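final_14.cif, holding mmCIF, C-alpha atoms:
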data_protein
#
loop_
_atom_site.group_PDB
_atom_site.id
_atom_site.type_symbol
_atom_site.label_atom_id
_atom_site.label_comp_id
_atom_site.auth_asym_id
_atom_site.auth_seq_id
_atom_site.Cartn_x
_atom_site.Cartn_y
_atom_site.Cartn_z
ATOM 1 C CA MET D 176 90.152 62.350 102.970
ATOM 2 C CA SER D 177 86.911 64.301 102.658
ATOM 3 C CA VAL D 178 86.329 67.643 104.369
ATOM 4 C CA SER D 179 83.054 69.226 105.361
ATOM 5 C CA ALA D 180 81.507 72.121 103.492
ATOM 6 C CA ASP D 181 81.407 74.040 106.778
ATOM 7 C CA LEU D 182 85.212 73.810 107.179
ATOM 8 C CA VAL D 183 85.703 74.984 103.604
ATOM 9 C CA LYS D 184 83.354 77.904 104.273
ATOM 10 C CA GLN D 185 85.246 78.877 107.439
ATOM 11 C CA LEU D 186 88.601 78.791 105.638
ATOM 12 C CA ARG D 187 87.238 80.851 102.746
ATOM 13 C CA GLU D 188 86.007 83.494 105.189
ATOM 14 C CA ARG D 189 89.400 83.620 106.904
ATOM 15 C CA THR D 190 91.569 83.732 103.783
ATOM 16 C CA GLY D 191 89.340 85.145 101.034
ATOM 17 C CA SER D 192 90.604 82.386 98.713
ATOM 18 C CA GLY D 193 88.691 80.197 96.290
ATOM 19 C CA MET D 194 86.723 77.110 97.305
ATOM 20 C CA MET D 195 89.007 74.591 95.580
ATOM 21 C CA GLU D 196 92.161 76.150 97.052
ATOM 22 C CA CYS D 197 90.636 75.957 100.523
ATOM 23 C CA LYS D 198 89.529 72.371 100.020
ATOM 24 C CA LYS D 199 93.017 71.311 98.861
ATOM 25 C CA ALA D 200 94.632 72.984 101.870
ATOM 26 C CA LEU D 201 92.222 71.291 104.278
ATOM 27 C CA VAL D 202 92.903 67.896 102.712
ATOM 28 C CA GLU D 203 96.654 68.507 103.017
ATOM 29 C CA ALA D 204 96.184 69.544 106.654
ATOM 30 C CA GLU D 205 93.962 66.525 107.335
ATOM 31 C CA GLY D 206 91.045 68.727 108.337
ATOM 32 C CA ASP D 207 92.972 70.971 110.756
ATOM 33 C CA LEU D 208 91.629 74.494 110.136
ATOM 34 C CA GLU D 209 94.609 76.308 111.699
ATOM 35 C CA ALA D 210 97.145 74.199 109.811
ATOM 36 C CA ALA D 211 95.228 74.718 106.562
ATOM 37 C CA ALA D 212 95.209 78.477 107.081
ATOM 38 C CA ASP D 213 98.971 78.367 107.668
ATOM 39 C CA ILE D 214 99.492 76.312 104.495
ATOM 40 C CA MET D 215 97.510 78.845 102.492
ATOM 41 C CA ARG D 216 99.391 81.743 104.045
ATOM 42 C CA LYS D 217 102.736 80.204 103.036
ATOM 43 C CA LYS D 218 101.508 79.515 99.511
ATOM 44 C CA GLY D 219 100.218 83.063 99.329
ATOM 45 C CA LEU D 220 103.600 84.479 100.335
ATOM 46 C CA ALA D 221 105.274 82.344 97.675
ATOM 47 C CA LYS D 222 102.869 83.696 95.061
ATOM 48 C CA ALA D 223 103.560 87.224 96.283
ATOM 49 C CA ASP D 224 107.295 86.709 95.777
ATOM 50 C CA LYS D 225 106.689 85.652 92.168
ATOM 51 C CA LYS D 226 104.698 88.816 91.471
ATOM 52 C CA ALA D 227 107.091 91.222 93.199
ATOM 53 C CA ASP D 228 108.847 92.272 89.967
ATOM 54 C CA ARG D 229 105.646 93.125 88.107
ATOM 55 C CA VAL D 230 104.978 96.848 87.619
ATOM 56 C CA ALA D 231 102.236 98.191 89.869
ATOM 57 C CA ALA D 232 101.454 101.640 88.453
ATOM 58 C CA ASP D 233 97.730 101.838 89.145
ATOM 59 C CA GLY D 234 96.063 102.001 92.555
ATOM 60 C CA ARG D 235 94.729 104.719 94.807
ATOM 61 C CA VAL D 236 95.784 107.464 97.198
ATOM 62 C CA ALA D 237 94.350 106.947 100.683
ATOM 63 C CA MET D 238 94.284 109.559 103.419
ATOM 64 C CA ALA D 239 93.440 109.932 107.075
ATOM 65 C CA ARG D 240 93.252 112.951 109.359
ATOM 66 C CA ALA D 241 93.021 113.396 113.108
ATOM 67 C CA ALA D 242 89.652 114.617 114.403
ATOM 68 C CA GLU D 243 91.135 117.883 115.692
ATOM 69 C CA GLY D 244 92.735 118.571 112.292
ATOM 70 C CA LYS D 245 96.310 118.822 113.605
ATOM 71 C CA ALA D 246 97.702 115.650 111.996
ATOM 72 C CA GLY D 247 97.210 113.715 108.780
ATOM 73 C CA VAL D 248 98.705 111.169 106.404
ATOM 74 C CA LEU D 249 98.708 110.413 102.686
ATOM 75 C CA VAL D 250 99.555 106.922 101.433
ATOM 76 C CA GLU D 251 99.866 105.683 97.857
ATOM 77 C CA VAL D 252 98.984 102.006 97.467
ATOM 78 C CA ASN D 253 99.571 100.513 94.023
ATOM 79 C CA SER D 254 98.082 97.656 92.046
ATOM 80 C CA GLU D 255 98.711 96.546 88.478
ATOM 81 C CA THR D 256 95.262 97.424 87.078
ATOM 82 C CA ASP D 257 92.416 99.812 87.745
ATOM 83 C CA PHE D 258 90.090 96.804 87.956
ATOM 84 C CA VAL D 259 91.741 95.736 91.217
ATOM 85 C CA ALA D 260 92.264 99.344 92.372
ATOM 86 C CA ASN D 261 88.528 100.042 92.141
ATOM 87 C CA GLY D 262 87.532 96.912 94.035
ATOM 88 C CA ASP D 263 86.094 97.114 97.547
ATOM 89 C CA GLU D 264 88.753 94.870 99.109
ATOM 90 C CA PHE D 265 91.642 96.929 97.739
ATOM 91 C CA ARG D 266 89.943 100.167 98.810
ATOM 92 C CA ARG D 267 89.399 98.841 102.347
ATOM 93 C CA PHE D 268 93.025 97.708 102.520
ATOM 94 C CA ALA D 269 94.354 101.107 101.392
ATOM 95 C CA ASP D 270 92.080 102.970 103.811
ATOM 96 C CA SER D 271 93.061 100.725 106.710
ATOM 97 C CA VAL D 272 96.768 101.282 105.951
ATOM 98 C CA ALA D 273 96.282 105.063 105.966
ATOM 99 C CA GLY D 274 94.251 104.987 109.165
ATOM 100 C CA HIS D 275 96.795 102.824 110.925
ATOM 101 C CA ALA D 276 99.685 105.021 109.750
ATOM 102 C CA LEU D 277 97.959 107.967 111.400
ATOM 103 C CA ARG D 278 97.173 106.153 114.663
ATOM 104 C CA ALA D 279 100.615 104.534 114.923
ATOM 105 C CA GLY D 280 102.495 107.744 114.121
ATOM 106 C CA ALA D 281 104.391 106.045 111.277
ATOM 107 C CA ASP D 282 106.639 108.519 109.459
ATOM 108 C CA ASP D 283 108.291 106.162 106.962
ATOM 109 C CA LEU D 284 107.466 103.015 105.010
ATOM 110 C CA ASP D 285 109.692 100.641 106.991
ATOM 111 C CA THR D 286 107.967 101.626 110.221
ATOM 112 C CA LEU D 287 104.535 101.371 108.616
ATOM 113 C CA LEU D 288 105.127 97.954 107.060
ATOM 114 C CA ALA D 289 106.270 96.569 110.414
ATOM 115 C CA CYS D 290 103.154 97.847 112.225
ATOM 116 C CA GLU D 291 100.520 95.243 113.005
ATOM 117 C CA ILE D 292 96.804 95.208 112.254
ATOM 118 C CA ASP D 293 94.906 92.518 114.156
ATOM 119 C CA GLY D 294 98.185 90.825 115.061
ATOM 120 C CA LYS D 295 99.690 90.745 111.554
ATOM 121 C CA PRO D 296 102.389 93.041 110.128
ATOM 122 C CA ILE D 297 101.017 95.283 107.385
ATOM 123 C CA ASP D 298 103.596 93.880 104.954
ATOM 124 C CA THR D 299 102.246 90.365 105.578
ATOM 125 C CA LEU D 300 98.708 91.625 104.941
ATOM 126 C CA ARG D 301 99.979 93.186 101.708
ATOM 127 C CA GLN D 302 101.441 89.862 100.589
ATOM 128 C CA GLU D 303 98.206 88.082 101.452
ATOM 129 C CA MET D 304 96.322 90.620 99.346
ATOM 130 C CA ILE D 305 98.627 89.778 96.419
ATOM 131 C CA ALA D 306 97.729 86.105 96.752
ATOM 132 C CA GLN D 307 94.049 86.917 97.074
ATOM 133 C CA LEU D 308 93.720 89.469 94.248
ATOM 134 C CA GLY D 309 96.272 88.009 91.843
ATOM 135 C CA GLU D 310 98.266 91.199 91.260
ATOM 136 C CA ASN D 311 101.403 92.780 92.647
ATOM 137 C CA ILE D 312 100.450 95.266 95.361
ATOM 138 C CA GLU D 313 102.862 97.853 96.661
ATOM 139 C CA ILE D 314 102.664 100.419 99.441
ATOM 140 C CA ARG D 315 104.758 102.937 97.571
ATOM 141 C CA ARG D 316 105.028 106.088 99.674
ATOM 142 C CA LEU D 317 103.790 107.779 102.807
ATOM 143 C CA VAL D 318 103.855 111.271 104.234
ATOM 144 C CA ARG D 319 102.670 112.326 107.673
ATOM 145 C CA TYR D 320 102.146 115.831 109.109
ATOM 146 C CA ALA D 321 101.841 116.325 112.861
ATOM 147 C CA ASP D 322 103.274 119.676 113.959
ATOM 148 C CA ASP D 323 100.270 121.156 115.782
ATOM 149 C CA LYS D 324 99.237 123.238 112.758
ATOM 150 C CA LEU D 325 96.033 122.994 110.734
ATOM 151 C CA VAL D 326 96.171 120.092 108.276
ATOM 152 C CA ALA D 327 93.728 120.056 105.363
ATOM 153 C CA GLN D 328 93.214 117.359 102.744
ATOM 154 C CA TYR D 329 91.495 116.952 99.400
ATOM 155 C CA ALA D 330 90.986 113.871 97.236
ATOM 156 C CA HIS D 331 90.202 114.109 93.539
ATOM 157 C CA GLY D 332 88.666 110.694 93.058
ATOM 158 C CA ALA D 333 91.070 108.005 94.182
ATOM 159 C CA ARG D 334 93.991 108.994 91.961
ATOM 160 C CA ILE D 335 95.047 112.388 93.355
ATOM 161 C CA GLY D 336 95.426 113.248 97.017
ATOM 162 C CA VAL D 337 96.684 116.494 98.542
ATOM 163 C CA MET D 338 97.638 117.449 102.073
ATOM 164 C CA VAL D 339 98.504 121.012 103.048
ATOM 165 C CA GLU D 340 99.672 122.446 106.372
ATOM 166 C CA LEU D 341 98.679 125.981 107.371
ATOM 167 C CA ASP D 342 99.880 128.417 109.988
ATOM 168 C CA GLY D 343 96.557 130.179 110.612
ATOM 169 C CA GLY D 344 93.411 130.001 108.511
ATOM 170 C CA ASP D 345 90.447 127.661 108.798
ATOM 171 C CA GLU D 346 89.053 124.409 107.400
ATOM 172 C CA GLU D 347 87.404 126.036 104.395
ATOM 173 C CA LEU D 348 90.557 127.863 103.310
ATOM 174 C CA GLY D 349 92.656 124.742 103.843
ATOM 175 C CA ARG D 350 90.379 122.631 101.667
ATOM 176 C CA ASP D 351 90.287 125.333 98.966
ATOM 177 C CA LEU D 352 94.092 125.418 98.905
ATOM 178 C CA ALA D 353 94.320 121.630 98.766
ATOM 179 C CA MET D 354 91.856 121.647 95.866
ATOM 180 C CA HIS D 355 93.926 124.317 94.123
ATOM 181 C CA ILE D 356 97.104 122.244 94.520
ATOM 182 C CA ALA D 357 95.329 119.177 93.112
ATOM 183 C CA ALA D 358 94.284 121.165 90.029
ATOM 184 C CA SER D 359 97.379 123.319 89.438
ATOM 185 C CA SER D 360 100.254 121.011 90.492
ATOM 186 C CA PRO D 361 102.740 123.560 91.916
ATOM 187 C CA ILE D 362 106.179 122.089 92.584
ATOM 188 C CA CYS D 363 106.904 124.189 95.687
ATOM 189 C CA ILE D 364 105.559 127.040 97.799
ATOM 190 C CA SER D 365 107.588 130.042 96.610
ATOM 191 C CA GLU D 366 110.397 131.093 94.269
ATOM 192 C CA VAL D 367 113.053 130.574 96.943
ATOM 193 C CA ASP D 368 112.043 126.904 97.147
ATOM 194 C CA VAL D 369 112.633 126.157 93.447
ATOM 195 C CA PRO D 370 115.545 123.715 93.086
ATOM 196 C CA PRO D 371 118.631 125.604 91.764
ATOM 197 C CA ASP D 372 119.316 123.018 89.045
ATOM 198 C CA ARG D 373 115.775 123.354 87.708
ATOM 199 C CA LEU D 374 116.060 127.141 87.725
ATOM 200 C CA ALA D 375 119.415 127.041 85.899
ATOM 201 C CA SER D 376 118.090 124.594 83.313
ATOM 202 C CA GLU D 377 115.015 126.717 82.591
ATOM 203 C CA LYS D 378 117.139 129.883 82.312
ATOM 204 C CA GLU D 379 119.468 128.173 79.848
ATOM 205 C CA VAL D 380 116.543 127.182 77.633
ATOM 206 C CA LEU D 381 115.039 130.671 77.765
ATOM 207 C CA GLU D 382 118.376 132.293 76.872
ATOM 208 C CA ALA D 383 118.780 130.012 73.851
ATOM 209 C CA GLN D 384 115.273 130.875 72.666
ATOM 210 C CA ALA D 385 115.788 134.608 73.202
ATOM 211 C CA ARG D 386 119.074 134.674 71.265
ATOM 212 C CA GLU D 387 117.292 133.357 68.200
ATOM 213 C CA SER D 388 115.599 136.752 68.001
ATOM 214 C CA GLY D 389 118.942 138.412 67.113
ATOM 215 C CA LYS D 390 118.297 141.277 69.540
ATOM 216 C CA PRO D 391 121.073 143.007 71.546
ATOM 217 C CA GLU D 392 122.335 141.299 74.707
ATOM 218 C CA GLU D 393 120.700 143.761 77.118
ATOM 219 C CA ILE D 394 117.308 143.175 75.452
ATOM 220 C CA ILE D 395 117.856 139.419 75.557
ATOM 221 C CA GLN D 396 118.479 139.544 79.309
ATOM 222 C CA LYS D 397 115.275 141.520 79.861
ATOM 223 C CA MET D 398 113.365 138.977 77.765
ATOM 224 C CA VAL D 399 114.860 136.114 79.777
ATOM 225 C CA ASP D 400 114.088 137.783 83.124
ATOM 226 C CA GLY D 401 110.471 138.410 82.128
ATOM 227 C CA ARG D 402 109.903 134.889 80.851
ATOM 228 C CA LEU D 403 111.619 133.397 83.889
ATOM 229 C CA GLN D 404 109.328 135.312 86.250
ATOM 230 C CA LYS D 405 106.314 134.085 84.295
ATOM 231 C CA HIS D 406 107.581 130.505 84.544
ATOM 232 C CA LEU D 407 108.140 130.847 88.307
ATOM 233 C CA SER D 408 104.607 132.143 88.798
ATOM 234 C CA GLU D 409 103.303 129.068 86.984
ATOM 235 C CA ILE D 410 105.163 126.475 89.061
ATOM 236 C CA THR D 411 105.041 128.026 92.556
ATOM 237 C CA LEU D 412 101.968 127.919 94.767
ATOM 238 C CA LEU D 413 102.174 131.568 95.835
ATOM 239 C CA GLY D 414 102.604 132.768 92.255
ATOM 240 C CA GLN D 415 99.721 130.846 90.700
ATOM 241 C CA PRO D 416 96.299 132.437 90.082
ATOM 242 C CA PHE D 417 93.893 131.057 92.696
ATOM 243 C CA VAL D 418 91.544 128.560 91.015
ATOM 244 C CA LYS D 419 88.429 129.970 92.710
ATOM 245 C CA ASP D 420 89.367 133.573 91.901
ATOM 246 C CA PRO D 421 91.916 133.830 89.040
ATOM 247 C CA ASP D 422 92.081 137.617 89.448
ATOM 248 C CA GLN D 423 94.266 137.177 92.534
ATOM 249 C CA SER D 424 97.268 134.981 93.184
ATOM 250 C CA VAL D 425 97.412 132.459 95.983
ATOM 251 C CA GLY D 426 100.123 134.627 97.555
ATOM 252 C CA ASP D 427 97.820 137.673 97.598
ATOM 253 C CA LEU D 428 94.993 135.581 99.059
ATOM 254 C CA LEU D 429 97.156 134.292 101.895
ATOM 255 C CA LYS D 430 98.631 137.728 102.618
ATOM 256 C CA ALA D 431 95.145 139.228 102.902
ATOM 257 C CA ARG D 432 94.100 136.467 105.304
ATOM 258 C CA GLY D 433 97.292 136.543 107.368
ATOM 259 C CA VAL D 434 97.985 132.873 106.650
ATOM 260 C CA GLN D 435 101.118 130.938 105.705
ATOM 261 C CA VAL D 436 101.378 127.599 103.941
ATOM 262 C CA THR D 437 104.211 125.780 105.688
ATOM 263 C CA ARG D 438 104.264 122.714 103.424
ATOM 264 C CA PHE D 439 102.154 120.604 101.089
ATOM 265 C CA THR D 440 102.238 117.200 99.419
ATOM 266 C CA ARG D 441 100.502 116.139 96.218
ATOM 267 C CA PHE D 442 100.364 112.437 95.346
ATOM 268 C CA GLU D 443 99.136 111.251 91.970
ATOM 269 C CA VAL D 444 98.843 107.521 91.437
ATOM 270 C CA GLY D 445 101.663 106.055 89.388
ATOM 271 C CA GLU D 446 103.515 109.329 88.710
ATOM 272 C CA GLY D 447 107.091 108.563 87.746
ATOM 273 C CA LYS D 448 106.296 104.927 86.965
ATOM 274 C CA GLU D 449 106.247 103.455 83.494
ATOM 275 C CA LYS D 450 103.107 101.403 83.166
ATOM 276 C CA GLU D 451 103.282 98.193 81.181
ATOM 277 C CA GLU D 452 100.875 98.080 78.244
ATOM 278 C CA THR D 453 98.975 94.791 78.224
ATOM 279 C CA SER D 454 95.658 93.709 76.767
ATOM 280 C CA PHE D 455 92.781 92.534 78.924
ATOM 281 C CA ALA D 456 93.199 89.039 77.486
ATOM 282 C CA ASP D 457 96.877 89.033 78.485
ATOM 283 C CA GLU D 458 95.943 90.051 82.035
ATOM 284 C CA VAL D 459 93.400 87.229 82.300
ATOM 285 C CA MET D 460 95.862 84.654 80.967
ATOM 286 C CA ALA D 461 98.540 85.856 83.426
ATOM 287 C CA GLN D 462 96.138 85.350 86.314
ATOM 288 C CA VAL D 463 95.176 81.891 85.027
ATOM 289 C CA ARG D 464 98.849 80.871 84.853
ATOM 290 C CA ASP D 465 99.491 82.133 88.401
ATOM 291 C CA SER D 466 96.438 80.454 89.943
#
Would you mind writing the file out in structure tokens?
Amino acid sequence: MSVSADLVKQLRERTGSGMMECKKALVEAEGDLEAAADIMRKKGLAKADKKADRVAADGRVAMARAAEGKAGVLVEVNSETDFVANGDEFRRFADSVAGHALRAGADDLDTLLACEIDGKPIDTLRQEMIAQLGENIEIRRLVRYADDKLVAQYAHGARIGVMVELDGGDEELGRDLAMHIAASSPICISEVDVPPDRLASEKEVLEAQARESGKPEEIIQKMVDGRLQKHLSEITLLGQPFVKDPDQSVGDLLKARGVQVTRFTRFEVGEGKEKEETSFADEVMAQVRDS
């Protein structure tokens, strides 16, 4: 049967799919727009299942913050390539996920994925985006702060996002600290927060290096202690030189202002993931095969 151009246009606007795909679905549904949309949704979910094992190590960090500054979220949403990650549709999807996580009070991924936007679970919208954009898309991680303290955020492009929670202070200080964390990548707030296994491992390395000097044991221990303190100042927020004033540490800055950092989160897109190396031609051919 033949279908009208107007029906094809309506289905394209609803699904974001190509003209020929929409026309085929309408023919299969004998011109029923709702049935055609359902057919395309099912085909889209099937395509999403096929792409689920593909590595999605690109993407963007999206964030949202309550107007009063007492709550916020960071969400990492992944794609396979920066081409998709930089597209308007992917950006809108990531931003809408972050905004909904904030409004819904979602504290974990399972809760977030089950939440609905315009009557559809977010996980279903994710799968539809896979069908539409031709790449695996993953909502990888989420963090939410909402403890009636000041929450500040900073985004370095779309690839690094930071959220920091302060007891005291103001918006300007919070943003400066978030910017510092984005640039300096501390692993924790203070020395007492450093994981014991990491501390032991670093000390073992430093002792082995110091013993190569052939100095007496008491000198070696002093060398190790000094180098360990230097290492701790480099990896802890309070020990690091403040990026806007390297002559003082972040700890000294906060002490002078009577402020405490209670927690922070730094997301960088794809960290900890091994990205597959493919050529542009390979990516195009993969999309052709899947279409």
Give as an MDAnalysis selection string the residues that the PyMOL selection byres ((chain D and resi 247) around 12) matches when applied to the coordinates above.
-> chainID D and resid 237:246 248:250 273:282 317:329 336:340 439:440
Restricting the output to C-alpha atoms, write the selected residues as a PDB file, keeping the file's coordinate frame.
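What landed in part14.pdb:
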ATOM      1  CA  ALA D 237      94.350 106.947 100.683  1.00  0.00           C
ATOM      2  CA  MET D 238      94.284 109.559 103.419  1.00  0.00           C
ATOM      3  CA  ALA D 239      93.440 109.932 107.075  1.00  0.00           C
ATOM      4  CA  ARG D 240      93.252 112.951 109.359  1.00  0.00           C
ATOM      5  CA  ALA D 241      93.021 113.396 113.108  1.00  0.00           C
ATOM      6  CA  ALA D 242      89.652 114.617 114.403  1.00  0.00           C
ATOM      7  CA  GLU D 243      91.135 117.883 115.692  1.00  0.00           C
ATOM      8  CA  GLY D 244      92.735 118.571 112.292  1.00  0.00           C
ATOM      9  CA  LYS D 245      96.310 118.822 113.605  1.00  0.00           C
ATOM     10  CA  ALA D 246      97.702 115.650 111.996  1.00  0.00           C
ATOM     11  CA  VAL D 248      98.705 111.169 106.404  1.00  0.00           C
ATOM     12  CA  LEU D 249      98.708 110.413 102.686  1.00  0.00           C
ATOM     13  CA  VAL D 250      99.555 106.922 101.433  1.00  0.00           C
ATOM     14  CA  ALA D 273      96.282 105.063 105.966  1.00  0.00           C
ATOM     15  CA  GLY D 274      94.251 104.987 109.165  1.00  0.00           C
ATOM     16  CA  HIS D 275      96.795 102.824 110.925  1.00  0.00           C
ATOM     17  CA  ALA D 276      99.685 105.021 109.750  1.00  0.00           C
ATOM     18  CA  LEU D 277      97.959 107.967 111.400  1.00  0.00           C
ATOM     19  CA  ARG D 278      97.173 106.153 114.663  1.00  0.00           C
ATOM     20  CA  ALA D 279     100.615 104.534 114.923  1.00  0.00           C
ATOM     21  CA  GLY D 280     102.495 107.744 114.121  1.00  0.00           C
ATOM     22  CA  ALA D 281     104.391 106.045 111.277  1.00  0.00           C
ATOM     23  CA  ASP D 282     106.639 108.519 109.459  1.00  0.00           C
ATOM     24  CA  LEU D 317     103.790 107.779 102.807  1.00  0.00           C
ATOM     25  CA  VAL D 318     103.855 111.271 104.234  1.00  0.00           C
ATOM     26  CA  ARG D 319     102.670 112.326 107.673  1.00  0.00           C
ATOM     27  CA  TYR D 320     102.146 115.831 109.109  1.00  0.00           C
ATOM     28  CA  ALA D 321     101.841 116.325 112.861  1.00  0.00           C
ATOM     29  CA  ASP D 322     103.274 119.676 113.959  1.00  0.00           C
ATOM     30  CA  ASP D 323     100.270 121.156 115.782  1.00  0.00           C
ATOM     31  CA  LYS D 324      99.237 123.238 112.758  1.00  0.00           C
ATOM     32  CA  LEU D 325      96.033 122.994 110.734  1.00  0.00           C
ATOM     33  CA  VAL D 326      96.171 120.092 108.276  1.00  0.00           C
ATOM     34  CA  ALA D 327      93.728 120.056 105.363  1.00  0.00           C
ATOM     35  CA  GLN D 328      93.214 117.359 102.744  1.00  0.00           C
ATOM     36  CA  TYR D 329      91.495 116.952  99.400  1.00  0.00           C
ATOM     37  CA  GLY D 336      95.426 113.248  97.017  1.00  0.00           C
ATOM     38  CA  VAL D 337      96.684 116.494  98.542  1.00  0.00           C
ATOM     39  CA  MET D 338      97.638 117.449 102.073  1.00  0.00           C
ATOM     40  CA  VAL D 339      98.504 121.012 103.048  1.00  0.00           C
ATOM     41  CA  GLU D 340      99.672 122.446 106.372  1.00  0.00           C
ATOM     42  CA  PHE D 439     102.154 120.604 101.089  1.00  0.00           C
ATOM     43  CA  THR D 440     102.238 117.200  99.419  1.00  0.00           C
TER      44      THR D 440
END
Go through the shown structure with the PyMOL selection byres ((chain D and resi 395-409) around 7) and write out the matching residues as a list in words.
-> Glu366, Lys378, Leu381, Glu382, Ala385, Arg386, Lys390, Pro391, Glu392, Glu393, Ile394, Ile410, Thr411, Gly414 and Gln415 of chain D
Care to translate the PyMOL selection byres ((chain D and resi 181) around 12) into actual residues of this file, as a ChimeraX atom specification?
-> /D:177-180,182-188,194,197-198,201,206,208
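Interatomic distance, CA of Val272 (chain D) against CA of Asn311 (chain D): 16.5 Å.
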Just the residues within 9 Å of Ala357 (chain D), please, counting only C-alpha atoms, with nothing from its chain fewer than 2 positions along; format it as a PyMOL selection string.
-> chain D and resi 329-331+335-337+352-355+359-361+441-443
Closest of D:Asp283, D:Ala260, D:Ala306, D:Gln423 to Glu196 (chain D) - atom-to-atom distances counting only C-alpha atoms | D:Ala306
Have region 358-374 of chain D completed to N, CA and C atoms, please, and pass it along as a PDB file, in the frame of the given file.
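New file rebuild-v6.pdb:
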ATOM      1  N   ALA D 358      94.557 120.737  91.402  1.00  0.00           N
ATOM      2  CA  ALA D 358      94.284 121.165  90.029  1.00  0.00           C
ATOM      3  C   ALA D 358      95.497 121.764  89.338  1.00  0.00           C
ATOM      4  N   SER D 359      96.322 122.512  90.065  1.00  0.00           N
ATOM      5  CA  SER D 359      97.379 123.319  89.438  1.00  0.00           C
ATOM      6  C   SER D 359      98.781 122.741  89.559  1.00  0.00           C
ATOM      7  N   SER D 360      98.977 121.742  90.380  1.00  0.00           N
ATOM      8  CA  SER D 360     100.254 121.011  90.492  1.00  0.00           C
ATOM      9  C   SER D 360     101.488 121.885  90.690  1.00  0.00           C
ATOM     10  N   PRO D 361     101.503 122.808  91.659  1.00  0.00           N
ATOM     11  CA  PRO D 361     102.740 123.560  91.916  1.00  0.00           C
ATOM     12  C   PRO D 361     103.826 122.613  92.406  1.00  0.00           C
ATOM     13  N   ILE D 362     105.093 122.978  92.135  1.00  0.00           N
ATOM     14  CA  ILE D 362     106.179 122.089  92.584  1.00  0.00           C
ATOM     15  C   ILE D 362     106.710 122.490  93.962  1.00  0.00           C
ATOM     16  N   CYS D 363     106.431 123.725  94.384  1.00  0.00           N
ATOM     17  CA  CYS D 363     106.904 124.189  95.687  1.00  0.00           C
ATOM     18  C   CYS D 363     106.094 125.417  96.087  1.00  0.00           C
ATOM     19  N   ILE D 364     106.359 125.939  97.285  1.00  0.00           N
ATOM     20  CA  ILE D 364     105.559 127.040  97.799  1.00  0.00           C
ATOM     21  C   ILE D 364     105.910 128.360  97.128  1.00  0.00           C
ATOM     22  N   SER D 365     107.192 128.728  97.125  1.00  0.00           N
ATOM     23  CA  SER D 365     107.588 130.042  96.610  1.00  0.00           C
ATOM     24  C   SER D 365     108.830 129.934  95.735  1.00  0.00           C
ATOM     25  N   GLU D 366     109.231 131.071  95.163  1.00  0.00           N
ATOM     26  CA  GLU D 366     110.397 131.093  94.269  1.00  0.00           C
ATOM     27  C   GLU D 366     111.667 130.620  94.969  1.00  0.00           C
ATOM     28  N   VAL D 367     111.819 130.948  96.241  1.00  0.00           N
ATOM     29  CA  VAL D 367     113.053 130.574  96.943  1.00  0.00           C
ATOM     30  C   VAL D 367     113.163 129.068  97.141  1.00  0.00           C
ATOM     31  N   ASP D 368     112.042 128.355  96.960  1.00  0.00           N
ATOM     32  CA  ASP D 368     112.043 126.904  97.147  1.00  0.00           C
ATOM     33  C   ASP D 368     112.320 126.144  95.858  1.00  0.00           C
ATOM     34  N   VAL D 369     112.388 126.836  94.723  1.00  0.00           N
ATOM     35  CA  VAL D 369     112.633 126.157  93.447  1.00  0.00           C
ATOM     36  C   VAL D 369     114.044 125.582  93.439  1.00  0.00           C
ATOM     37  N   PRO D 370     114.209 124.309  93.114  1.00  0.00           N
ATOM     38  CA  PRO D 370     115.545 123.715  93.086  1.00  0.00           C
ATOM     39  C   PRO D 370     116.476 124.488  92.143  1.00  0.00           C
ATOM     40  N   PRO D 371     117.701 124.815  92.595  1.00  0.00           N
ATOM     41  CA  PRO D 371     118.631 125.604  91.764  1.00  0.00           C
ATOM     42  C   PRO D 371     118.909 124.986  90.401  1.00  0.00           C
ATOM     43  N   ASP D 372     119.019 123.652  90.327  1.00  0.00           N
ATOM     44  CA  ASP D 372     119.316 123.018  89.045  1.00  0.00           C
ATOM     45  C   ASP D 372     118.163 123.178  88.065  1.00  0.00           C
ATOM     46  N   ARG D 373     116.934 123.149  88.580  1.00  0.00           N
ATOM     47  CA  ARG D 373     115.775 123.354  87.708  1.00  0.00           C
ATOM     48  C   ARG D 373     115.735 124.799  87.203  1.00  0.00           C
ATOM     49  N   LEU D 374     116.049 125.727  88.097  1.00  0.00           N
ATOM     50  CA  LEU D 374     116.060 127.141  87.725  1.00  0.00           C
ATOM     51  C   LEU D 374     117.126 127.407  86.660  1.00  0.00           C
TER      52      LEU D 374
END
